[in-house]
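J.: Below you'll find the structure I mean.
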Amino acid sequence: MRTTKVEIRRGTYYDSIILMQLQLSLSQIPGVNNAGVMMGVAANKEILKQNGLLTAEAEAAFPDDLIISVECDDTTTADAALAEVDNLLSSRKSTSEQDYLPKSVEAAAQMLPNAKWALISVPGQYAAGVAREALRLQKNVFLYSDNVSIEDEIALKHEAGHSGLLLMGPDCGTSIVNNTGFGFANQVRRGPIGLVGASGTGLQQVTARIDQLGSGITHALGTGGRDLSAEVGGITALQCLGLLQRDPETQVIVLISKPPAQTVTTTLLQSARTVDKPVVVYFIGYPAVTTDENSHNIHFARSLDETAELAVQLVTAAATPSPAKNKPVRFAKDQRYLRGLFSGGTLAQESLFILQNYLPNIHSNIAHEKEQQLNDLKRSREHTLLDLGEDAFTVGRPHPMLDNNLRLARFQQEAADPEVAIILMDIVLGHGAHPDPASELAPAISAARTRAQKAKRELEIVVVLVGTEDDPQNIASQMERLRTAGARVEKSNTVACAYVGQRLQRQLQPGKLPPVDLAILQEPVAAINVGLESFASSLANQTAAVVHVDWRPPAGGNEKLMSILERMKKAQNN
Amino acid sequence: MDIEKANQQATTRMIEARAVLTEIAKAKDVIPGMKDNLLLHAGPPITWERTSGPMRGAITGALIFEGKARTEAEAQTLVESGEIELEPCHHHQAVGPMAGVTSASMSVYIVENEVHGNRAFSNLNEGYGKVLRYGAYDDEVQQRLRWMEDVMAPVLNDAVKASGGIDIKALLSEALHMGDEGHNRNKAGSILFLKALAPHIAKVSDDNETSATVLKAIGDNALSVLNPVMAACKVMADTAHGIAGSTIVTTMARNGTDFGIRVSGLGEQWFTAPAQIPKGLYFPGFGDEDANPDIGDSTITETAGIGGFAMAAAPAIVTFVSGSPKDAVNATMEMYEITFAEHKHFTIPQFEFRGTPTGIDLRKVIETGLTPRVNTGIAHKNAGIGQVGAGLVRPPMQIFEEALVTFAEKYGI
């Protein structure tokens with residue numbers, strides 16, 4: 001028999017919406033034909049009445065009473081339904097606790113403001129757009145997506161580079177940053193070796209081997225397979241080298257790649273030489289050489305295995321303190337050039353040969369190439385290296401190994417040039433040479449440095465001192481006085497030249513791209529993930545902070561609208 | 001062209017506008033372009049032929065109120081002959097909830113923007129039950145309208161003037177901290193409104209009985225402040241309108257048939273498409289099949305950064321869409337993705353007082369595929385039955401797409 005049953009609850013207040021929800025739940029119970037849950041105000045009673053839900057009991061309810069009324073097929077159902085009320089009210093609490101999934105990179109960035117990374121694995125045709133958005137938001141990008149055009153890659157990498165950001169990829173499968181693997185990565189022990197790789201599985205193999213050999217890594221930075229092509233020019237690899245150079249935890253650097261373009265190889269090796277850490281290089285398929293004759297810090301490997309082994313061996317060597325390092329001075333903005341003032345012909349020749357690996361266009365009176373020959377011997381230009389023992393200088397004068405006057409005059413001329421950063425000189429001791437070169441050169445060095453300092457410049461003097469302990473000039477005393485005057489003194493010409501080359505190359509570099517903030521490697525990883533959800537859960541499993549973007553193609557994939565949005569963005573940037 | 005700069009300017013103006021309720025006056029005396037044979041209505045422009053049930057009922061009711069018609073058929077003849085003209089409230093600096101029908105001799109709230117000098121208007125709220133805004137027009141409705149006009153409006157006007165003006169923006173800021181979102185839930189705001197008016201009503205009225213009925217009418221109606229709030233949102237949105245190169249949406253409105261938007265940089269052009277049926281909860285005895293398509297100008301609240309956009313501040317009403325308080329949070333989070341700015345004055349306590357998402361950016365709507373989220377009452381599709389529920393609705397994506405294409409054409413992008 002159809003029946004209407006009412007329950008009145010005194011002094012209970014629920015928001016009307018909660019009540020409407022309860023009413024809906026009640027009416028969905030099988031056997032319940034209609035339900036009304038309302039506060040006992042007159043207007044509500046009227047509604048209940050119209051729906052046949054107003055009993056005499058409900059009619060008598062006060063405005064602050066809660067009326068729960070059910071119209072059912074039978075009394076049992078009605079009683080059962082009313083008994084459900086408390087359950088229904090309390091069950092509302094146990095709903096999903098899932099956090100908000102942002103739809104855009106921008107919203108994700110707001111949710112995780114300390115995120116320095118964006119992992120992007122959306123379909124290729126959308127990847128560049130998402131990467132551009134991430135860069136705009138100052139995120140470093142791990143771009144897993146492939147099928148990104150080379151034009152887009154170049155544009156993105158330039159954009160990233162000029163903002164001091166990294167863009168790894170496209171098609172970058174592997175990176176490990178501060179113990180956190182991006183994409184495909186092994187769980188590798190922490191240690192002193194930092195890696196840069198344009199090959200994902202290459203990085204995985206070498207990092208795994210390093211781990212097996214008992215050592216570990218600081219970071220393994222992927223660049224994407226095309227980074228070392230002539231078109232891209234190794235922008236990311238160079239940035240990564242710079243990062244690992246500056247990273248105090250990294251003692252040995254590994255550089256692996258499929259065969260790079262020749263021009264990029266040269267740039268990369270030049271850059272690697274400026275690093276004051278051992279660099280193990282494995283260019284897969286590159287004509288194997290075991291040592292780099294121009295620099296003591298580069299070691300070529302012949303296989304992935306050997307790369308790992310060499311790196312681990314070098315860690316031990318690198319751990320021993322390197323010979324006395326003077327704290328490098330800071331040059332003024334315009335101080336860019338080297339002036340070499342040599343008395344010894346062979347020393348000059350070798351220096352020119354070594355320094356050509358570091359510096360573009362060294363002008364010299366002993367250069368073979370026409371464009372490098374110095375037209376006016378009286379005036380140096382840009383990088384200049386002079387053999388002052390050449391005939392053109394010694395006509396009617398004593399050789400500079402015997403007489404310092406010519407060299408002192410030239411030294412003062414070069415020291416006064418505000419564009420000069422380093423003056424490199426040789427001092428050759430022994431029988432027949434000047435009896436006490438330091439007595440004349442040390443005061444000149446000291447005076448020149450003082451004058452430069454007054455002009456807010458830091459003039460660096462590097463001296464190659466050739467001699468033995470038994471030479472009549474007393475090599476210890478010579479060295480002592482030159483050092484006291486402020487010169488850096490080396491006994492090896494190769495070491496002196498490599499030092500000068502590295503110093504000036506570093507001075508040249510900042511002009512190109514701003515350095516990438518080392519903090520991106522040092523802080524715990526916090527990342528925005530766009531694309532493959534498994535990458536987000538993988539990051540979360542590694543206890544990295546991650547916000548996954550519920551990404552959908554912009555404008556629902558509508559090409560016309562997408563192109564309008566794209567043009568709007570371009571117009572905005574111009 | 002600098003869209004970012006234009007949008008910055010538009011949203012800054014919207015956010016900085018100060019909306020103060022200063023007066024209540026007859027529509028024909030204050031609304032620009034208002035005349036005896038004109039009816040203002042909610043939403044984009046519409047002809048009688050295309051009007052929905054509640055809109056027809058409201059038009060009929062307003063013409064009965066003005067003494068120009070006695071039946072729906074007479075109303076139809078007047079409108080179709082052109083003797084009575086229909087124009088959107090939005091074309092006259094006005095807004096109205098649901099049908100929004102406002103006639104010449106009805107009283108309206110005047111809200112002034114003390115920063116930029118513009119004003120906006122909105123009719124008075126009738127309360128619940130059988131009401132004109134839902135298309136009811138019988139004697140009971142007429143009697144209430146008459147009482148509002150003859151008794152309530154003069155008292156309110158005197159009280160508002162005596163108060164020196166009621167700062168609706170400040171009231172809204174406070175109400176958002178009391179569980180309102182300013183569109184569907186105005187419980188706190190209406191109490192604040194009552195609190196602001198009560199002493200002045202007591203002072204200006206020499207009749208206790210009148211004071212008591214007016215106070216009761218305002219106090220019983222949890223939507224009493226909705227209309228001044230809408231007018232306040234309208235002055236804010238209007239300050240952002242007409243800025244060259246801006247992609248900020250400055251109008252969202254529905255007439256029960258179409259949903260329409262206007263965009264700051266696209267002048268007076270409407271972009272419209274059929275309005276959708278809200279998803280929500282129904283009063284006993286009603287369901288989806290009774291619902292009229294979305295109706296009303298109250299989406300001006302979302303346009304100005306409250307309402308559905310401030311859902312996180314009003315978790316109590318999230319159950320409209322069978323959700324949990326977490327869904328309220330997510331609703332607001334989602335709206336941050338399509339807005340250009342965050343409000344400086346409307347803030348959400350549980351977001352550590354982060355500003356509400358403000359200034360719908362056409363570009364972001366298209367990019368993310370997310371349309372604005374609107375909280376709304378649901379009207380019965382037949383005239384005169386009234387409200388049957390409340391819920392959530394979103395405008396059709398198509399109108400944003402058309403607006404973007406038009407923007408690109410206009411600005412040669």
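Residues in the structure tokens are named by chain (A, B, ... in the order shown) and by number from 1 within that chain; ligands are numbered from 1 in the order shown.
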Hey, list the chain A side of the contact with chain B: 8 Å cut-off, only C-alpha atoms, answer as a PyMOL selection string.

T.: chain A and resi 15+17-18+20-21+23-24+34-36+43+47-48+51+92-93+95-97+99-100+102-104+106-107+552-556+561-562+564-565+567-568+571-572

J.: I'd like the contact shell of A:Gly430 - 12 Å cut-off, only C-alpha atoms, skipping same-chain residues fewer than 6 positions apart - returned as a PyMOL selection string.

T.: chain A and resi 401-402+436-437+465-475

J.: Keeping only N, CA, C and O atoms, write the selected residues as a compact mmCIF listing (two decimals), in the first residue's frame.

T.:
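Output saved as result-v2.txt:
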```
# COMPACT_ATOMS: atom_id res chain seq x y z
N MET A 401 117.64 37.66 -25.40
CA MET A 401 118.04 36.78 -24.29
C MET A 401 119.19 37.39 -23.50
O MET A 401 119.43 37.03 -22.34
N LEU A 402 119.86 38.33 -24.13
CA LEU A 402 120.99 38.97 -23.46
C LEU A 402 120.62 40.33 -22.90
O LEU A 402 121.11 40.75 -21.86
N ASP A 436 120.92 38.18 -14.71
CA ASP A 436 119.84 38.29 -13.69
C ASP A 436 118.59 38.93 -14.29
O ASP A 436 118.27 40.09 -14.00
N PRO A 437 117.88 38.21 -15.14
CA PRO A 437 116.73 38.83 -15.81
C PRO A 437 115.68 39.36 -14.84
O PRO A 437 115.06 40.40 -15.08
N LEU A 465 109.54 29.95 -17.43
CA LEU A 465 110.92 30.06 -16.95
C LEU A 465 111.68 28.78 -17.31
O LEU A 465 111.36 27.71 -16.82
N VAL A 466 112.66 28.93 -18.23
CA VAL A 466 113.41 27.76 -18.70
C VAL A 466 114.80 27.76 -18.04
O VAL A 466 115.55 28.72 -18.18
N GLY A 467 115.06 26.70 -17.29
CA GLY A 467 116.38 26.66 -16.65
C GLY A 467 116.48 25.49 -15.69
O GLY A 467 115.51 24.74 -15.53
N THR A 468 117.65 25.33 -15.07
CA THR A 468 117.85 24.25 -14.10
C THR A 468 118.33 24.84 -12.78
O THR A 468 118.71 26.03 -12.71
N GLU A 469 118.36 24.01 -11.78
CA GLU A 469 118.80 24.48 -10.47
C GLU A 469 120.27 24.85 -10.46
O GLU A 469 120.72 25.63 -9.63
N ASP A 470 121.00 24.26 -11.39
CA ASP A 470 122.44 24.53 -11.40
C ASP A 470 122.84 25.70 -12.28
O ASP A 470 124.00 26.05 -12.38
N ASP A 471 121.86 26.28 -12.94
CA ASP A 471 122.17 27.44 -13.79
C ASP A 471 122.69 28.58 -12.93
O ASP A 471 122.30 28.73 -11.77
N PRO A 472 123.56 29.43 -13.52
CA PRO A 472 124.19 30.49 -12.72
C PRO A 472 123.21 31.54 -12.19
O PRO A 472 123.48 32.19 -11.20
N GLN A 473 122.03 31.69 -12.82
CA GLN A 473 121.12 32.78 -12.40
C GLN A 473 120.36 32.46 -11.11
O GLN A 473 119.68 33.34 -10.58
N ASN A 474 120.43 31.21 -10.62
CA ASN A 474 119.67 30.77 -9.43
C ASN A 474 118.16 30.79 -9.71
O ASN A 474 117.46 31.75 -9.43
N ILE A 475 117.70 29.71 -10.26
CA ILE A 475 116.30 29.65 -10.74
C ILE A 475 115.28 29.90 -9.61
O ILE A 475 114.26 30.56 -9.81
```

J.: Do a neighbour search on A:Ser149 at 9 Å with only C-alpha atoms, toss out local chain neighbours closer than 2 positions, and write the hits as a ChimeraX atom specification.

T.: /A:124-125,128,146-147,151-154

J.: Just the residues within 10 Å of B:Leu145, please, counting only C-alpha atoms, with nothing from its chain fewer than 3 positions along; format it as number ranges by chain.

T.: B: 61-62, 65, 106-107, 124-126, 131-132, 137, 139-142, 148-152

J.: What is the atom CA of A:Ser343 to atom CA of A:Gly389 distance in Å?

T.: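 That distance, rounded to one decimal, is 5.2 Å.
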
J.: Set the distance at 6 Å and use only C-alpha atoms: which residues neighbour stretch 243-250 of chain B once local chain neighbours fewer than 5 positions away are removed? I'd like the list as a PyMOL selection string.

T.: chain B and resi 3+6-7+237+262-265+359-362

J.: Using C-alpha atoms, can you write the selected residues to a file as a JSON list (two decimals), in the first residue's frame?

T.:
```json
[["chain", "number", "residue", "atom", "x", "y", "z"],
["B", 3, "ILE", "CA", 47.19, 42.11, -26.59],
["B", 6, "ALA", "CA", 45.40, 45.80, -23.68],
["B", 7, "ASN", "CA", 44.26, 42.96, -21.43],
["B", 237, "ALA", "CA", 32.90, 44.79, -16.58],
["B", 262, "ARG", "CA", 30.87, 40.35, -26.10],
["B", 263, "VAL", "CA", 34.59, 40.98, -26.11],
["B", 264, "SER", "CA", 36.37, 44.15, -25.01],
["B", 265, "GLY", "CA", 38.26, 44.67, -28.29],
["B", 359, "GLY", "CA", 38.96, 38.61, -16.75],
["B", 360, "ILE", "CA", 38.09, 35.72, -19.09],
["B", 361, "ASP", "CA", 40.71, 35.70, -21.83],
["B", 362, "LEU", "CA", 39.31, 34.56, -25.16]]
```

J.: Find the spatial neighbours of stretch 216-219 of chain B, counting only C-alpha atoms, within a cut-off of 7 Å - ignore same-chain residues fewer than 3 positions away - and output them as a list in words.

T.: Ile191, Leu194, Ala212, Thr213 and Ser224 of chain B

J.: Kindly export the residues of the current selection with C-alpha atoms, as a compact mmCIF listing (two decimals), in the first residue's frame.

T.:
```txt
# COMPACT_ATOMS: atom_id res chain seq x y z
CA ILE B 191 22.54 39.68 5.49
CA LEU B 194 20.24 44.03 5.48
CA ALA B 212 8.99 45.70 9.41
CA THR B 213 7.63 44.42 6.09
CA SER B 224 18.10 40.35 -2.03
```

J.: Taking 5 positions as the minimum chain separation for residues in the same chain, which residues sit within 9 Å of A:Arg209 when counting only C-alpha atoms? Answer as number ranges by chain.

T.: A: 204, 214-215, 304-305, 308-309

J.: Put those residues in a file: N, CA and C atoms, as a PDB file, in the first residue's frame.

T.:
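And here is the file that came out, part_32.pdb:
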```pdb
ATOM      1  N   GLN A 204      72.814   5.562 -20.687  1.00  0.00           N
ATOM      2  CA  GLN A 204      72.384   4.509 -19.769  1.00  0.00           C
ATOM      3  C   GLN A 204      73.483   3.472 -19.576  1.00  0.00           C
ATOM      4  N   GLY A 214      81.708   0.634  -9.171  1.00  0.00           N
ATOM      5  CA  GLY A 214      81.808   1.090  -7.784  1.00  0.00           C
ATOM      6  C   GLY A 214      81.843   2.591  -7.620  1.00  0.00           C
ATOM      7  N   SER A 215      81.781   3.312  -8.733  1.00  0.00           N
ATOM      8  CA  SER A 215      81.759   4.762  -8.608  1.00  0.00           C
ATOM      9  C   SER A 215      80.313   5.249  -8.786  1.00  0.00           C
ATOM     10  N   LEU A 304      82.082   2.440 -25.122  1.00  0.00           N
ATOM     11  CA  LEU A 304      81.278   2.885 -23.984  1.00  0.00           C
ATOM     12  C   LEU A 304      81.877   2.346 -22.685  1.00  0.00           C
ATOM     13  N   ASP A 305      82.300   1.087 -22.782  1.00  0.00           N
ATOM     14  CA  ASP A 305      82.909   0.451 -21.617  1.00  0.00           C
ATOM     15  C   ASP A 305      84.148   1.199 -21.158  1.00  0.00           C
ATOM     16  N   ALA A 308      83.510   4.490 -19.393  1.00  0.00           N
ATOM     17  CA  ALA A 308      83.201   4.363 -17.972  1.00  0.00           C
ATOM     18  C   ALA A 308      84.464   4.073 -17.163  1.00  0.00           C
ATOM     19  N   GLU A 309      85.279   3.150 -17.685  1.00  0.00           N
ATOM     20  CA  GLU A 309      86.496   2.779 -16.952  1.00  0.00           C
ATOM     21  C   GLU A 309      87.441   3.968 -16.795  1.00  0.00           C
TER      22      GLU A 309
END
```

J.: Just the number, please: distance in Å from atom CA of B:Arg119 to atom CA of B:Val235, one decimal.

T.: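 Between atom CA of B:Arg119 and atom CA of B:Val235 the gap is 5.8 Å.
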
J.: Give the answer as one residue: which of B:Ala136, B:Val229, B:Ile168, B:Leu86 has the shortest atom-to-atom distance to B:Ala383, using only C-alpha atoms?

T.: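 Using only C-alpha atoms, B:Ala383 sits closest to B:Ala136.
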
J.: To one decimal place in Å, what is the distance between atom CA of B:Phe340 and atom CA of B:Pro315?

T.: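 About the pair atom CA of B:Phe340 and atom CA of B:Pro315: they are 23.8 Å apart.
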